[in-house]
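Read through the structure below, which is laid out as structure tokens, and then see the notes.
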Amino acid sequence: MPPLDQCPSPEPALPFAPGLPLPAFSSTARQSAAARRLIQDRPEILDELELITLLVSGHQPPDKAETLAHSLLAAFHNPARILAATPGRLRTVPGIDDNVIVAIKTAQALAIRHAAARLATNINPMLDNYRTVIDYCRSRIGHKTHEELHVLYLDRKTRLIACELHRTGTIDTVAADLRDIIARALQLDACGLVLTHNHPSGDPHPSPADIENTRKLKTAAACLNIKVIDHVVITPHDHCSLAHTGLI
């Protein structure tokens, strides 16, 4: 793929007549056209294949980049799951090397930081802007294929101090150590907590253990003037706030 500042400016002509197939363009031409659209700040008109192709094209010949993009979409089905995949899982896709993995994980890290920057100052499940919290949690764990429990540690003004992975589980379970969560909150001088974990099954409803453990944590943390604000269960397309539903 040529340097972006050397891409020719006009779009390739697309002559069309009813009953006649569209002409085939080379991978280089397709990637150049896609790159121009990004330079023109028109990313919304690119499809998933074009975006993934550009993402992995840094150290690949154009034909190989497009093939890799096809393979990634075939393996993970959508860009969000590609970004969320572990390096080990990405390596199972033929042709993926460390350069491609670095590009993918860099894009994921930037997406998470962008979501974090949009977090509201007042993190409260009853406020309209709580949606940014849900989006942030989904950017971190919503598309993972195993369960993870993360904890958002908040200061006195409910601003985010840190969001940390607490435990990793299997496909359908994750264990929480309540003492470790409280100890970390004290270490960070946090005054509030939001727990979040994902359900790879796609069902956002909390389990009885989710509810019971959150209630225990809320009671124990309150003795130290630490407020458990919420526990949010995340799936790729849905969520459940235990605070909003009155479960804690």
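Residues in the structure tokens are named by chain (A, B, ... in the order shown) and by number from 1 within that chain; ligands are numbered from 1 in the order shown.
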
Which of region 30-205 of chain A end up as helix (DSSP H, G or I) when DSSP is run on this backbone - answer as a PyMOL selection string?
chain A and resi 30-39+43-45+48-59+62-76+79-84+87-90+98-117+128-141+178-187

Name all residues at most 12 Å from Leu224 (chain A) (count only C-alpha atoms; drop same-chain ones fewer than 6 positions away) and give them as a list of chain:residue names.
A:Ile182, A:Ala183, A:Ala185, A:Leu186, A:Asp189, A:Ala190, A:Cys191, A:Gly192, A:Leu217, A:Lys218

Put those residues in a file: C-alpha atoms, as a tab-separated table (two decimals), in the first residue's frame.
chain	number	residue	atom	x	y	z
A	182	ILE	CA	-11.87	-3.76	49.77
A	183	ALA	CA	-8.11	-3.86	50.38
A	185	ALA	CA	-10.06	0.29	47.48
A	186	LEU	CA	-8.29	1.32	50.68
A	189	ASP	CA	-8.16	5.76	48.76
A	190	ALA	CA	-11.36	5.03	46.83
A	191	CYS	CA	-14.73	6.05	48.22
A	192	GLY	CA	-16.90	4.22	45.72
A	217	LEU	CA	-19.49	-6.59	49.60
A	218	LYS	CA	-21.82	-3.62	49.98

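Counting only C-alpha atoms and comparing A:Asn198, A:Thr92, A:Asn99, A:Thr53, the residue that lies closest to Thr235 (chain A) is A:Asn198.
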
In terms of only C-alpha atoms, the residue from A:Leu110, A:Leu193, A:Ile96, A:Ala103 at minimal distance from Lys157 (chain A) is A:Leu193

What residues in region 130-246 of chain A get the DSSP label strand (DSSP E)? Please answer as a PyMOL selection string.
chain A and resi 148-154+160-168+192-198+227-234+239-241

Can you spit out the residues from that selection as a short mmCIF file (atom, residue, chain, number, x, y, z; two decimals), in the first residue's frame, using N, CA and C atoms?
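Dumped to again.cif:
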data_model
loop_
_atom_site.label_atom_id
_atom_site.label_comp_id
_atom_site.auth_asym_id
_atom_site.auth_seq_id
_atom_site.Cartn_x
_atom_site.Cartn_y
_atom_site.Cartn_z
N GLU A 148 -14.98 -12.21 32.98
CA GLU A 148 -14.01 -11.42 33.73
C GLU A 148 -14.77 -10.50 34.67
N LEU A 149 -14.25 -10.32 35.87
CA LEU A 149 -14.81 -9.36 36.82
C LEU A 149 -13.85 -8.19 36.94
N HIS A 150 -14.33 -6.98 36.62
CA HIS A 150 -13.55 -5.76 36.75
C HIS A 150 -14.16 -4.88 37.82
N VAL A 151 -13.33 -4.05 38.44
CA VAL A 151 -13.80 -3.14 39.47
C VAL A 151 -13.38 -1.72 39.09
N LEU A 152 -14.37 -0.81 39.08
CA LEU A 152 -14.11 0.61 38.89
C LEU A 152 -13.99 1.25 40.27
N TYR A 153 -12.83 1.81 40.56
CA TYR A 153 -12.60 2.48 41.84
C TYR A 153 -12.78 3.99 41.65
N LEU A 154 -13.59 4.61 42.50
CA LEU A 154 -13.99 6.00 42.32
C LEU A 154 -13.57 6.85 43.50
N LEU A 160 -13.44 8.43 38.12
CA LEU A 160 -12.72 7.16 38.00
C LEU A 160 -11.26 7.32 38.42
N ILE A 161 -10.83 6.52 39.40
CA ILE A 161 -9.43 6.44 39.78
C ILE A 161 -8.73 5.36 38.96
N ALA A 162 -9.36 4.19 38.89
CA ALA A 162 -8.78 3.07 38.16
C ALA A 162 -9.87 2.07 37.86
N CYS A 163 -9.69 1.33 36.76
CA CYS A 163 -10.54 0.18 36.46
C CYS A 163 -9.61 -1.00 36.29
N GLU A 164 -9.79 -2.01 37.13
CA GLU A 164 -8.82 -3.11 37.17
C GLU A 164 -9.52 -4.46 37.05
N LEU A 165 -8.83 -5.38 36.39
CA LEU A 165 -9.29 -6.77 36.33
C LEU A 165 -9.11 -7.39 37.71
N HIS A 166 -10.17 -7.93 38.27
CA HIS A 166 -10.09 -8.57 39.58
C HIS A 166 -9.93 -10.09 39.47
N ARG A 167 -10.76 -10.72 38.65
CA ARG A 167 -10.69 -12.17 38.49
C ARG A 167 -11.08 -12.55 37.06
N THR A 168 -10.52 -13.63 36.59
CA THR A 168 -10.89 -14.23 35.32
C THR A 168 -11.52 -15.58 35.60
N GLY A 192 -15.80 4.89 46.40
CA GLY A 192 -16.90 4.22 45.72
C GLY A 192 -16.40 3.12 44.81
N LEU A 193 -17.28 2.15 44.55
CA LEU A 193 -16.95 1.01 43.69
C LEU A 193 -18.10 0.74 42.73
N VAL A 194 -17.75 0.36 41.50
CA VAL A 194 -18.70 -0.23 40.56
C VAL A 194 -18.09 -1.54 40.09
N LEU A 195 -18.79 -2.64 40.31
CA LEU A 195 -18.35 -3.93 39.81
C LEU A 195 -18.97 -4.15 38.43
N THR A 196 -18.25 -4.84 37.58
CA THR A 196 -18.82 -5.20 36.28
C THR A 196 -18.22 -6.52 35.83
N HIS A 197 -19.08 -7.40 35.35
CA HIS A 197 -18.57 -8.64 34.74
C HIS A 197 -19.45 -8.99 33.55
N ASN A 198 -18.92 -9.82 32.69
CA ASN A 198 -19.61 -10.14 31.44
C ASN A 198 -20.21 -11.53 31.48
N LYS A 227 -18.67 3.10 49.34
CA LYS A 227 -20.00 2.82 48.80
C LYS A 227 -19.91 1.94 47.56
N VAL A 228 -20.62 0.82 47.58
CA VAL A 228 -20.76 -0.01 46.39
C VAL A 228 -21.93 0.56 45.60
N ILE A 229 -21.62 1.26 44.52
CA ILE A 229 -22.63 2.00 43.77
C ILE A 229 -23.46 1.07 42.88
N ASP A 230 -22.80 0.08 42.28
CA ASP A 230 -23.53 -0.77 41.34
C ASP A 230 -22.71 -2.00 41.02
N HIS A 231 -23.38 -2.98 40.44
CA HIS A 231 -22.76 -4.14 39.81
C HIS A 231 -23.47 -4.31 38.48
N VAL A 232 -22.74 -4.19 37.40
CA VAL A 232 -23.32 -4.21 36.06
C VAL A 232 -22.90 -5.48 35.34
N VAL A 233 -23.89 -6.24 34.89
CA VAL A 233 -23.63 -7.42 34.07
C VAL A 233 -23.71 -7.00 32.60
N ILE A 234 -22.67 -7.31 31.84
CA ILE A 234 -22.53 -6.84 30.47
C ILE A 234 -22.57 -8.01 29.48
N HIS A 239 -27.37 -5.30 28.94
CA HIS A 239 -26.75 -5.17 30.25
C HIS A 239 -27.83 -5.22 31.33
N CYS A 240 -27.39 -5.42 32.57
CA CYS A 240 -28.30 -5.35 33.71
C CYS A 240 -27.58 -4.67 34.85
N SER A 241 -28.14 -3.59 35.35
CA SER A 241 -27.63 -2.87 36.51
C SER A 241 -28.35 -3.37 37.75
#

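Remark: for Asn225 (chain A), the closest of the candidate residues A:Arg156, A:Asp98, A:Ser207, A:Glu147 is A:Arg156 (distances computed over only C-alpha atoms).
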
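Residue nearest Ala75 (chain A) within the list A:Pro94, A:Gly88, A:Thr132, A:Ser57: A:Pro94 [criterion: smallest interatomic distance, only C-alpha atoms].
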
Using only C-alpha atoms, pick whichever of A:Arg30, A:His205, A:Lys64, A:His199 has the shortest atom-to-atom distance to Thr245 (chain A).
A:His205

Report as a VMD selection string all protein, DNA and RNA residues lying within 12 Å of Ile101 (chain A), evaluated on only C-alpha atoms, omitting residues in the same chain fewer than 2 positions from it.
chain A and resid 55 to 59 68 72 82 to 93 95 to 99 103 to 108

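The coordinates place CA of Arg159 (chain A) at 11.0 Å from CA of Ala117 (chain A).
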
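Separating CA of Leu51 (chain A) from CA of Pro79 (chain A) is a distance of 8.7 Å.
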
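When CA of Ala74 (chain A) is paired with CA of Leu54 (chain A), their separation reads 16.7 Å.
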
Ranking A:Asn213, A:Asp135, A:Ala222, A:Ser32 by minimum distance to Pro62 (chain A) and counting only C-alpha atoms, which one comes first?
A:Ser32
